[in-house]
file input-v3.cif (mmCIF, C-alpha atoms)
data_final
#
loop_
_atom_site.group_PDB
_atom_site.id
_atom_site.type_symbol
_atom_site.label_atom_id
_atom_site.label_comp_id
_atom_site.auth_asym_id
_atom_site.auth_seq_id
_atom_site.Cartn_x
_atom_site.Cartn_y
_atom_site.Cartn_z
ATOM 1 C CA MET A 15 -58.241 66.101 84.843
ATOM 2 C CA ASP A 16 -61.958 66.016 85.632
ATOM 3 C CA ILE A 17 -62.948 68.428 88.403
ATOM 4 C CA PRO A 18 -66.583 68.137 89.577
ATOM 5 C CA SER A 19 -68.385 71.454 89.582
ATOM 6 C CA PRO A 20 -72.067 72.452 89.896
ATOM 7 C CA PRO A 21 -73.611 73.340 86.503
ATOM 8 C CA LEU A 22 -74.908 76.711 87.706
ATOM 9 C CA LEU A 23 -71.417 77.628 88.905
ATOM 10 C CA LEU A 24 -70.026 76.958 85.421
ATOM 11 C CA ILE A 25 -72.714 79.136 83.839
ATOM 12 C CA GLY A 26 -72.040 81.905 86.358
ATOM 13 C CA MET A 27 -68.287 81.818 85.756
ATOM 14 C CA GLU A 28 -68.830 81.897 81.997
ATOM 15 C CA GLY A 29 -71.083 84.941 82.312
ATOM 16 C CA LEU A 30 -68.744 86.662 84.779
ATOM 17 C CA TRP A 31 -65.636 86.370 82.638
ATOM 18 C CA GLY A 32 -67.575 87.284 79.499
ATOM 19 C CA SER A 33 -68.911 90.428 81.168
ATOM 20 C CA LEU A 34 -65.469 91.415 82.451
ATOM 21 C CA LEU A 35 -63.974 90.887 78.997
ATOM 22 C CA CYS A 36 -66.626 93.124 77.412
ATOM 23 C CA LEU A 37 -66.351 95.872 80.030
ATOM 24 C CA ILE A 38 -62.568 95.978 80.305
ATOM 25 C CA VAL A 39 -61.426 95.108 76.761
ATOM 26 C CA VAL A 40 -64.162 95.180 74.111
ATOM 27 C CA TYR A 41 -66.150 98.292 75.091
ATOM 28 C CA PRO A 42 -63.115 100.586 75.552
ATOM 29 C CA LEU A 43 -61.666 99.312 72.275
ATOM 30 C CA VAL A 44 -64.773 99.906 70.152
ATOM 31 C CA TYR A 45 -65.408 103.255 71.859
ATOM 32 C CA TYR A 46 -62.082 104.701 70.713
ATOM 33 C CA ILE A 47 -62.252 103.204 67.213
ATOM 34 C CA PRO A 48 -63.665 105.843 64.821
ATOM 35 C CA GLY A 49 -67.147 105.125 63.492
ATOM 36 C CA ASP A 50 -70.610 106.499 62.819
ATOM 37 C CA ASP A 51 -72.024 105.961 66.338
ATOM 38 C CA HIS A 52 -71.435 109.464 67.761
ATOM 39 C CA GLY A 53 -67.881 109.316 66.456
ATOM 40 C CA SER A 54 -67.211 105.802 67.751
ATOM 41 C CA TYR A 55 -67.527 102.370 66.236
ATOM 42 C CA GLU A 56 -69.810 101.508 69.161
ATOM 43 C CA ASP A 57 -70.823 103.991 71.855
ATOM 44 C CA PRO A 58 -71.665 102.075 75.063
ATOM 45 C CA PHE A 59 -73.009 105.259 76.717
ATOM 46 C CA ASN A 60 -75.476 105.723 73.890
ATOM 47 C CA THR A 61 -76.423 102.043 74.156
ATOM 48 C CA PHE A 62 -77.094 102.434 77.882
ATOM 49 C CA ALA A 63 -79.209 105.550 77.283
ATOM 50 C CA MET A 64 -81.281 103.749 74.631
ATOM 51 C CA PHE A 65 -81.807 100.808 76.976
ATOM 52 C CA MET A 66 -82.977 102.991 79.859
ATOM 53 C CA ASN A 67 -85.434 104.947 77.711
ATOM 54 C CA SER A 68 -86.941 102.227 75.504
ATOM 55 C CA LYS A 69 -89.495 99.741 76.797
ATOM 56 C CA ASN A 70 -89.181 97.607 73.663
ATOM 57 C CA ILE A 71 -85.418 97.247 74.098
ATOM 58 C CA GLN A 72 -85.897 96.258 77.740
ATOM 59 C CA ILE A 73 -88.432 93.572 76.805
ATOM 60 C CA ALA A 74 -86.217 92.261 73.985
ATOM 61 C CA PHE A 75 -83.226 92.221 76.340
ATOM 62 C CA SER A 76 -85.172 90.272 78.979
ATOM 63 C CA ILE A 77 -86.328 87.665 76.464
ATOM 64 C CA TYR A 78 -82.817 87.343 75.055
ATOM 65 C CA PHE A 79 -81.290 87.087 78.535
ATOM 66 C CA PHE A 80 -83.521 84.224 79.689
ATOM 67 C CA ALA A 81 -83.263 82.466 76.317
ATOM 68 C CA ILE A 82 -79.454 82.463 76.469
ATOM 69 C CA PHE A 83 -79.523 81.447 80.125
ATOM 70 C CA GLY A 84 -81.794 78.506 79.327
ATOM 71 C CA TYR A 85 -79.628 77.467 76.398
ATOM 72 C CA ASN A 86 -76.410 77.546 78.425
ATOM 73 C CA PHE A 87 -78.062 75.849 81.396
ATOM 74 C CA PHE A 88 -79.338 72.880 79.405
ATOM 75 C CA ALA A 89 -76.067 72.670 77.451
ATOM 76 C CA VAL A 90 -74.090 72.381 80.686
ATOM 77 C CA MET A 91 -76.628 69.915 82.094
ATOM 78 C CA VAL A 92 -76.114 67.678 79.049
ATOM 79 C CA THR A 93 -72.375 67.678 79.722
ATOM 80 C CA PHE A 94 -72.950 67.145 83.457
ATOM 81 C CA MET A 95 -75.423 64.247 83.086
ATOM 82 C CA LEU A 96 -73.986 62.650 79.920
ATOM 83 C CA ASN A 97 -70.634 63.847 78.578
ATOM 84 C CA SER A 98 -69.038 66.502 76.407
ATOM 85 C CA VAL A 99 -69.397 64.327 73.300
ATOM 86 C CA TRP A 100 -73.193 64.555 73.484
ATOM 87 C CA HIS A 101 -72.886 68.289 74.062
ATOM 88 C CA ALA A 102 -70.904 68.649 70.836
ATOM 89 C CA ILE A 103 -73.324 66.419 68.931
ATOM 90 C CA LEU A 104 -76.466 68.234 70.050
ATOM 91 C CA ASP A 105 -74.824 71.604 69.462
ATOM 92 C CA ASN A 106 -74.535 70.748 65.761
ATOM 93 C CA PHE A 107 -78.315 70.538 65.483
ATOM 94 C CA ARG A 108 -78.710 74.193 66.449
ATOM 95 C CA PRO A 109 -78.254 75.691 62.919
ATOM 96 C CA ILE A 110 -80.595 73.050 61.473
ATOM 97 C CA THR A 111 -83.279 73.900 64.022
ATOM 98 C CA VAL A 112 -82.906 77.641 63.387
ATOM 99 C CA TRP A 113 -83.135 77.219 59.613
ATOM 100 C CA LEU A 114 -86.216 74.995 59.786
ATOM 101 C CA THR A 115 -87.840 77.451 62.196
ATOM 102 C CA ASP A 116 -87.198 80.313 59.768
ATOM 103 C CA LEU A 117 -88.791 78.350 56.925
ATOM 104 C CA PHE A 118 -91.780 77.499 59.096
ATOM 105 C CA ILE A 119 -92.304 81.126 60.117
ATOM 106 C CA PHE A 120 -92.084 82.371 56.525
ATOM 107 C CA TYR A 121 -94.475 79.833 54.973
ATOM 108 C CA ALA A 122 -96.800 78.980 57.877
ATOM 109 C CA ILE A 123 -97.098 82.200 59.906
ATOM 110 C CA THR A 124 -96.080 85.347 58.040
ATOM 111 C CA SER A 125 -93.874 86.204 55.076
ATOM 112 C CA SER A 126 -92.672 89.347 56.838
ATOM 113 C CA PHE A 127 -90.296 87.283 58.937
ATOM 114 C CA GLY A 128 -88.359 84.074 58.532
ATOM 115 C CA GLU A 129 -86.512 82.880 55.443
ATOM 116 C CA ALA A 130 -87.809 81.909 52.027
ATOM 117 C CA TRP A 131 -86.643 78.928 49.994
ATOM 118 C CA THR A 132 -84.377 80.040 47.151
ATOM 119 C CA LYS A 133 -82.162 78.357 44.597
ATOM 120 C CA TRP A 134 -79.283 78.750 47.045
ATOM 121 C CA SER A 135 -81.179 76.808 49.693
ATOM 122 C CA TRP A 136 -80.113 73.584 48.005
ATOM 123 C CA ILE A 137 -76.508 74.419 48.866
ATOM 124 C CA GLN A 138 -77.574 75.099 52.435
ATOM 125 C CA LEU A 139 -79.440 71.785 52.528
ATOM 126 C CA SER A 140 -76.331 69.987 51.250
ATOM 127 C CA GLY A 141 -74.295 71.629 53.988
ATOM 128 C CA MET A 142 -76.796 70.443 56.589
ATOM 129 C CA ALA A 143 -76.531 66.898 55.215
ATOM 130 C CA VAL A 144 -72.730 67.039 55.483
ATOM 131 C CA LEU A 145 -73.092 68.344 59.043
ATOM 132 C CA LEU A 146 -75.395 65.474 60.024
ATOM 133 C CA PHE A 147 -73.107 62.918 58.402
ATOM 134 C CA GLY A 148 -70.074 64.355 60.173
ATOM 135 C CA THR A 149 -71.929 64.267 63.483
ATOM 136 C CA ALA A 150 -72.860 60.607 62.957
ATOM 137 C CA VAL A 151 -69.237 59.757 62.108
ATOM 138 C CA TYR A 152 -67.977 61.710 65.126
ATOM 139 C CA ASN A 153 -70.300 59.758 67.423
ATOM 140 C CA ALA A 154 -68.927 56.367 66.347
ATOM 141 C CA PRO A 155 -68.925 53.654 67.582
ATOM 142 C CA ASN A 156 -71.912 54.576 69.764
ATOM 143 C CA ALA A 157 -75.465 53.610 68.857
ATOM 144 C CA GLY A 158 -76.935 55.498 65.899
ATOM 145 C CA SER A 159 -73.541 56.434 64.474
ATOM 146 C CA VAL A 160 -71.979 55.840 61.077
ATOM 147 C CA LEU A 161 -68.983 53.501 61.150
ATOM 148 C CA LEU A 162 -66.188 54.005 58.622
ATOM 149 C CA GLU A 163 -65.023 50.452 57.913
ATOM 150 C CA GLY A 164 -64.019 50.579 54.284
ATOM 151 C CA GLN A 165 -67.489 51.098 52.743
ATOM 152 C CA TRP A 166 -67.932 53.124 49.575
ATOM 153 C CA TYR A 167 -68.870 56.226 51.565
ATOM 154 C CA SER A 168 -65.795 55.839 53.788
ATOM 155 C CA LEU A 169 -63.545 57.169 50.993
ATOM 156 C CA GLY A 170 -61.015 54.416 51.676
ATOM 157 C CA MET A 171 -60.875 54.959 55.425
ATOM 158 C CA ASN A 172 -61.149 52.031 57.811
ATOM 159 C CA PHE A 173 -61.244 52.625 61.569
ATOM 160 C CA SER A 174 -62.326 49.149 62.640
ATOM 161 C CA ASP A 175 -59.331 48.703 64.942
ATOM 162 C CA GLU A 176 -59.963 52.061 66.599
ATOM 163 C CA TYR A 177 -63.631 51.207 67.140
ATOM 164 C CA ARG A 178 -62.730 47.899 68.794
ATOM 165 C CA GLN A 179 -60.211 49.642 71.014
ATOM 166 C CA ILE A 180 -62.791 52.238 72.100
ATOM 167 C CA GLU A 181 -65.354 49.526 72.887
ATOM 168 C CA GLN A 182 -62.766 47.558 74.864
ATOM 169 C CA GLU A 183 -61.799 50.655 76.870
ATOM 170 C CA GLU A 184 -65.468 51.338 77.601
ATOM 171 C CA GLN A 185 -65.974 47.779 78.832
ATOM 172 C CA GLU A 186 -62.902 48.041 81.051
ATOM 173 C CA ARG A 187 -64.168 51.333 82.447
ATOM 174 C CA GLN A 188 -67.531 49.775 83.278
ATOM 175 C CA LEU A 189 -65.812 46.838 85.006
ATOM 176 C CA ASP A 190 -63.640 49.232 86.997
ATOM 177 C CA ASP A 191 -66.690 51.215 88.087
ATOM 178 C CA GLU A 192 -68.500 48.017 89.101
ATOM 179 C CA TRP A 193 -65.479 46.772 91.057
ATOM 180 C CA ARG A 194 -65.091 50.137 92.794
ATOM 181 C CA ASN A 195 -68.764 50.197 93.770
ATOM 182 C CA ARG A 196 -68.513 46.697 95.204
ATOM 183 C CA MET A 197 -65.477 47.641 97.279
ATOM 184 C CA LEU A 198 -67.286 50.701 98.610
ATOM 185 C CA ASP A 199 -70.311 48.549 99.415
ATOM 186 C CA PHE A 200 -68.175 46.088 101.361
ATOM 187 C CA GLN A 201 -66.504 48.950 103.171
ATOM 188 C CA VAL A 202 -69.867 50.342 104.301
ATOM 189 C CA ARG A 203 -71.209 46.958 105.452
ATOM 190 C CA LYS A 204 -68.087 45.602 107.133
ATOM 191 C CA ASP A 205 -69.059 46.766 110.675
ATOM 192 C CA SER A 206 -72.600 45.313 110.750
ATOM 193 C CA SER A 207 -73.431 42.472 113.137
ATOM 194 C CA PHE A 208 -74.213 40.065 110.299
ATOM 195 C CA PHE A 209 -71.405 40.933 107.928
ATOM 196 C CA GLY A 210 -68.835 41.947 110.526
ATOM 197 C CA GLU A 211 -65.372 40.501 110.793
ATOM 198 C CA ARG A 212 -66.473 38.464 113.829
ATOM 199 C CA SER A 213 -69.156 36.650 111.859
ATOM 200 C CA PRO A 214 -68.335 32.951 111.291
ATOM 201 C CA HIS A 215 -69.990 33.171 107.845
ATOM 202 C CA VAL A 216 -67.371 35.537 106.392
ATOM 203 C CA SER A 217 -65.089 33.769 103.919
ATOM 204 C CA VAL A 218 -61.392 34.424 103.446
ATOM 205 C CA HIS A 219 -62.123 35.934 100.023
ATOM 206 C CA THR A 220 -64.619 38.396 101.534
ATOM 207 C CA GLN A 221 -62.176 39.402 104.266
ATOM 208 C CA SER A 222 -59.426 40.042 101.710
ATOM 209 C CA LEU A 223 -61.812 42.066 99.552
ATOM 210 C CA ARG A 224 -62.767 44.245 102.522
ATOM 211 C CA GLY A 225 -59.122 44.741 103.369
ATOM 212 C CA LEU A 226 -58.481 45.864 99.767
ATOM 213 C CA ALA A 227 -61.381 48.302 100.019
ATOM 214 C CA ASN A 228 -59.914 49.808 103.183
ATOM 215 C CA ARG A 229 -56.490 50.255 101.581
ATOM 216 C CA THR A 230 -57.920 51.926 98.464
ATOM 217 C CA ALA A 231 -60.248 54.263 100.386
#

call {"tool": "encode", "arguments": {"input": "input-v3.cif", "output": "structure tokens"}}
result
Amino acid sequence: MDIPSPPLLLIGMEGLWGSLLCLIVVYPLVYYIPGDDHGSYEDPFNTFAMFMNSKNIQIAFSIYFFAIFGYNFFAVMVTFMLNSVWHAILDNFRPITVWLTDLFIFYAITSSFGEAWTKWSWIQLSGMAVLLFGTAVYNAPNAGSVLLEGQWYSLGMNFSDEYRQIEQEEQERQLDDEWRNRMLDFQVRKDSSFFGERSPHVSVHTQSLRGLANRTA
């Protein structure tokens, strides 16, 4: 069931429940697990003390906070303005963007940061190609996608019937939306002096359509 909700509310609820989970479950758990951080696996009190006494940590935290907020905000806006399919598709380009940025930093800015190209990078490049191909297949039958209809790269799979069914359902959805908008338009205009029920220019078909709009409202 689709429930409309403001994008900022979704981001706030995600942050709220994530914070509660960390404070109530994760932090107490890692504090009592033995480790090398003052006897704990992770000492949240030591973390808080470092944050309060280090300007560099505060600046890094602020940058990270607004970066994550921007990422989540635009991710939710993609889902809100388009759909969750586009959110999933664009999310797959995140590791590719990060990897290319690391290569650019290493070779174009400074070799102290970023990532160098090694013999293992070819495996990583192959994985990126598989990721892009899977994204294109997942997006089918929309524009720019890869259709699996028995070609050599389909590995014997043929989803032609499924593609036609999806396209037919999309056309029916568009017709339903257009019909619903027309009924709402008739419902809004039905009391005007020109289009009112008392007008001699109103046909029987128009009157029945307005009556259907009133019953479905």

call {"tool": "residues_around", "arguments": {"input": "input-v3.cif", "residues": "segment 54-57 of chain A", "least_positions_apart": "4", "cutoff": "9 Å", "atoms": "only C-alpha atoms", "output": "list in words"}}
result
Tyr41, Leu43, Val44, Tyr45, Tyr46, Ile47, Pro48, Gly49, Asp50, Thr61 and Phe62 of chain A

call {"tool": "closest_residue", "arguments": {"input": "input-v3.cif", "among": "A:Ala122, A:Ile82, A:Leu96, A:Leu145", "to": "Glu28 of chain A", "atoms": "only C-alpha atoms"}}
result
A:Ile82

call {"tool": "resolve_selection", "arguments": {"input": "input-v3.cif", "expression": "the PyMOL selection byres ((chain A and resi 88-91) around 10)", "output": "MDAnalysis selection string"}}
result
chainID A and resid 20:22 24:25 83:87 92:98 100:102 104:105

call {"tool": "residues_around", "arguments": {"input": "input-v3.cif", "residues": "Gly128 of chain A", "least_positions_apart": "5", "cutoff": "6 Å", "atoms": "all atoms listed in the file", "output": "VMD selection string"}}
result
chain A and resid 116 to 117 119 to 120

call {"tool": "resolve_selection", "arguments": {"input": "input-v3.cif", "expression": "the PyMOL selection byres ((chain A and resi 113) around 12)", "output": "PDB file with C-alpha atoms, keeping the file's coordinate frame"}}
result
ATOM      1  CA  PHE A 107     -78.315  70.538  65.483  1.00  0.00           C
ATOM      2  CA  ARG A 108     -78.710  74.193  66.449  1.00  0.00           C
ATOM      3  CA  PRO A 109     -78.254  75.691  62.919  1.00  0.00           C
ATOM      4  CA  ILE A 110     -80.595  73.050  61.473  1.00  0.00           C
ATOM      5  CA  THR A 111     -83.279  73.900  64.022  1.00  0.00           C
ATOM      6  CA  VAL A 112     -82.906  77.641  63.387  1.00  0.00           C
ATOM      7  CA  LEU A 114     -86.216  74.995  59.786  1.00  0.00           C
ATOM      8  CA  THR A 115     -87.840  77.451  62.196  1.00  0.00           C
ATOM      9  CA  ASP A 116     -87.198  80.313  59.768  1.00  0.00           C
ATOM     10  CA  LEU A 117     -88.791  78.350  56.925  1.00  0.00           C
ATOM     11  CA  PHE A 118     -91.780  77.499  59.096  1.00  0.00           C
ATOM     12  CA  ILE A 119     -92.304  81.126  60.117  1.00  0.00           C
ATOM     13  CA  PHE A 120     -92.084  82.371  56.525  1.00  0.00           C
ATOM     14  CA  GLY A 128     -88.359  84.074  58.532  1.00  0.00           C
ATOM     15  CA  GLU A 129     -86.512  82.880  55.443  1.00  0.00           C
ATOM     16  CA  ALA A 130     -87.809  81.909  52.027  1.00  0.00           C
ATOM     17  CA  TRP A 131     -86.643  78.928  49.994  1.00  0.00           C
ATOM     18  CA  SER A 135     -81.179  76.808  49.693  1.00  0.00           C
ATOM     19  CA  GLN A 138     -77.574  75.099  52.435  1.00  0.00           C
ATOM     20  CA  LEU A 139     -79.440  71.785  52.528  1.00  0.00           C
ATOM     21  CA  GLY A 141     -74.295  71.629  53.988  1.00  0.00           C
ATOM     22  CA  MET A 142     -76.796  70.443  56.589  1.00  0.00           C
TER      23      MET A 142
END

call {"tool": "atom_distance", "arguments": {"input": "input-v3.cif", "atom1": "atom CA of Arg178 of chain A", "atom2": "atom CA of Asn156 of chain A"}}
result
11.4 Å

call {"tool": "closest_residue", "arguments": {"input": "input-v3.cif", "among": "A:Gly164, A:Val40, A:Met197, A:Pro155", "to": "Tyr177 of chain A", "atoms": "all atoms listed in the file"}}
result
A:Pro155

call {"tool": "atom_distance", "arguments": {"input": "input-v3.cif", "atom1": "atom CA of Asp191 of chain A", "atom2": "atom CA of Val99 of chain A"}}
result
19.9 Å

call {"tool": "residues_around", "arguments": {"input": "input-v3.cif", "residues": "Phe147 of chain A", "least_positions_apart": "4", "cutoff": "8 Å", "atoms": "only C-alpha atoms", "output": "number ranges by chain"}}
result
A: 143, 151, 160

call {"tool": "axis_aligned_box", "arguments": {"input": "input-v3.cif", "around": "segment 181-199 of chain A", "padding_each_side": "3 Å", "output": "lines of an AutoDock Vina configuration file"}}
result
center_x = -66.1
center_y = 49.0
center_z = 86.2
size_x = 14.5
size_y = 10.6
size_z = 32.5

call {"tool": "residues_around", "arguments": {"input": "input-v3.cif", "residues": "Leu161 of chain A", "least_positions_apart": "6", "cutoff": "12 Å", "atoms": "all atoms listed in the file", "output": "PyMOL selection string"}}
result
chain A and resi 147-155+167-168+171-178

call {"tool": "decode", "arguments": {"input": "input-v3.cif", "residues": "segment 168-194 of chain A", "atoms": "N, CA and C atoms", "output": "PDB file, in the first residue's frame"}}
result
ATOM      1  N   SER A 168      21.645 -13.499 -23.615  1.00  0.00           N
ATOM      2  CA  SER A 168      20.536 -13.772 -22.701  1.00  0.00           C
ATOM      3  C   SER A 168      20.679 -15.103 -21.987  1.00  0.00           C
ATOM      4  N   LEU A 169      21.674 -15.911 -22.439  1.00  0.00           N
ATOM      5  CA  LEU A 169      21.921 -17.230 -21.825  1.00  0.00           C
ATOM      6  C   LEU A 169      20.663 -18.098 -21.851  1.00  0.00           C
ATOM      7  N   GLY A 170      19.944 -18.031 -22.972  1.00  0.00           N
ATOM      8  CA  GLY A 170      18.761 -18.868 -23.158  1.00  0.00           C
ATOM      9  C   GLY A 170      17.496 -18.340 -22.536  1.00  0.00           C
ATOM     10  N   MET A 171      17.543 -17.186 -21.926  1.00  0.00           N
ATOM     11  CA  MET A 171      16.355 -16.624 -21.276  1.00  0.00           C
ATOM     12  C   MET A 171      15.593 -15.719 -22.233  1.00  0.00           C
ATOM     13  N   ASN A 172      14.281 -15.815 -22.191  1.00  0.00           N
ATOM     14  CA  ASN A 172      13.424 -15.015 -23.053  1.00  0.00           C
ATOM     15  C   ASN A 172      12.237 -14.509 -22.228  1.00  0.00           C
ATOM     16  N   PHE A 173      12.210 -13.199 -21.999  1.00  0.00           N
ATOM     17  CA  PHE A 173      11.160 -12.581 -21.200  1.00  0.00           C
ATOM     18  C   PHE A 173      10.275 -11.674 -22.045  1.00  0.00           C
ATOM     19  N   SER A 174      10.098 -12.018 -23.309  1.00  0.00           N
ATOM     20  CA  SER A 174       9.303 -11.179 -24.198  1.00  0.00           C
ATOM     21  C   SER A 174       7.867 -11.040 -23.707  1.00  0.00           C
ATOM     22  N   ASP A 175       7.282 -12.151 -23.259  1.00  0.00           N
ATOM     23  CA  ASP A 175       5.897 -12.099 -22.777  1.00  0.00           C
ATOM     24  C   ASP A 175       5.781 -11.206 -21.543  1.00  0.00           C
ATOM     25  N   GLU A 176       6.754 -11.300 -20.647  1.00  0.00           N
ATOM     26  CA  GLU A 176       6.720 -10.466 -19.448  1.00  0.00           C
ATOM     27  C   GLU A 176       6.863  -8.990 -19.800  1.00  0.00           C
ATOM     28  N   TYR A 177       7.722  -8.678 -20.772  1.00  0.00           N
ATOM     29  CA  TYR A 177       7.884  -7.289 -21.190  1.00  0.00           C
ATOM     30  C   TYR A 177       6.588  -6.728 -21.768  1.00  0.00           C
ATOM     31  N   ARG A 178       5.918  -7.527 -22.610  1.00  0.00           N
ATOM     32  CA  ARG A 178       4.649  -7.068 -23.184  1.00  0.00           C
ATOM     33  C   ARG A 178       3.593  -6.864 -22.100  1.00  0.00           C
ATOM     34  N   GLN A 179       3.582  -7.739 -21.119  1.00  0.00           N
ATOM     35  CA  GLN A 179       2.617  -7.598 -20.036  1.00  0.00           C
ATOM     36  C   GLN A 179       2.883  -6.325 -19.225  1.00  0.00           C
ATOM     37  N   ILE A 180       4.160  -6.035 -18.952  1.00  0.00           N
ATOM     38  CA  ILE A 180       4.502  -4.822 -18.214  1.00  0.00           C
ATOM     39  C   ILE A 180       4.102  -3.581 -19.001  1.00  0.00           C
ATOM     40  N   GLU A 181       4.371  -3.562 -20.303  1.00  0.00           N
ATOM     41  CA  GLU A 181       4.003  -2.415 -21.129  1.00  0.00           C
ATOM     42  C   GLU A 181       2.490  -2.242 -21.185  1.00  0.00           C
ATOM     43  N   GLN A 182       1.752  -3.352 -21.264  1.00  0.00           N
ATOM     44  CA  GLN A 182       0.297  -3.268 -21.287  1.00  0.00           C
ATOM     45  C   GLN A 182      -0.238  -2.731 -19.955  1.00  0.00           C
ATOM     46  N   GLU A 183       0.328  -3.179 -18.839  1.00  0.00           N
ATOM     47  CA  GLU A 183      -0.100  -2.676 -17.540  1.00  0.00           C
ATOM     48  C   GLU A 183       0.207  -1.188 -17.390  1.00  0.00           C
ATOM     49  N   GLU A 184       1.334  -0.748 -17.942  1.00  0.00           N
ATOM     50  CA  GLU A 184       1.681   0.668 -17.870  1.00  0.00           C
ATOM     51  C   GLU A 184       0.715   1.502 -18.701  1.00  0.00           C
ATOM     52  N   GLN A 185       0.334   1.006 -19.881  1.00  0.00           N
ATOM     53  CA  GLN A 185      -0.635   1.718 -20.695  1.00  0.00           C
ATOM     54  C   GLN A 185      -1.991   1.797 -20.008  1.00  0.00           C
ATOM     55  N   GLU A 186      -2.412   0.705 -19.381  1.00  0.00           N
ATOM     56  CA  GLU A 186      -3.680   0.709 -18.661  1.00  0.00           C
ATOM     57  C   GLU A 186      -3.632   1.676 -17.478  1.00  0.00           C
ATOM     58  N   ARG A 187      -2.488   1.744 -16.806  1.00  0.00           N
ATOM     59  CA  ARG A 187      -2.370   2.673 -15.691  1.00  0.00           C
ATOM     60  C   ARG A 187      -2.467   4.116 -16.165  1.00  0.00           C
ATOM     61  N   GLN A 188      -1.837   4.424 -17.298  1.00  0.00           N
ATOM     62  CA  GLN A 188      -1.914   5.769 -17.843  1.00  0.00           C
ATOM     63  C   GLN A 188      -3.332   6.126 -18.260  1.00  0.00           C
ATOM     64  N   LEU A 189      -4.059   5.162 -18.853  1.00  0.00           N
ATOM     65  CA  LEU A 189      -5.454   5.409 -19.220  1.00  0.00           C
ATOM     66  C   LEU A 189      -6.319   5.621 -17.991  1.00  0.00           C
ATOM     67  N   ASP A 190      -6.064   4.842 -16.942  1.00  0.00           N
ATOM     68  CA  ASP A 190      -6.825   5.028 -15.700  1.00  0.00           C
ATOM     69  C   ASP A 190      -6.569   6.399 -15.094  1.00  0.00           C
ATOM     70  N   ASP A 191      -5.306   6.826 -15.101  1.00  0.00           N
ATOM     71  CA  ASP A 191      -4.991   8.154 -14.565  1.00  0.00           C
ATOM     72  C   ASP A 191      -5.658   9.246 -15.394  1.00  0.00           C
ATOM     73  N   GLU A 192      -5.650   9.101 -16.728  1.00  0.00           N
ATOM     74  CA  GLU A 192      -6.285  10.099 -17.576  1.00  0.00           C
ATOM     75  C   GLU A 192      -7.791  10.141 -17.347  1.00  0.00           C
ATOM     76  N   TRP A 193      -8.412   8.981 -17.213  1.00  0.00           N
ATOM     77  CA  TRP A 193      -9.855   8.918 -16.971  1.00  0.00           C
ATOM     78  C   TRP A 193     -10.206   9.526 -15.611  1.00  0.00           C
ATOM     79  N   ARG A 194      -9.383   9.257 -14.598  1.00  0.00           N
ATOM     80  CA  ARG A 194      -9.627   9.803 -13.275  1.00  0.00           C
ATOM     81  C   ARG A 194      -9.485  11.324 -13.271  1.00  0.00           C
TER      82      ARG A 194
END
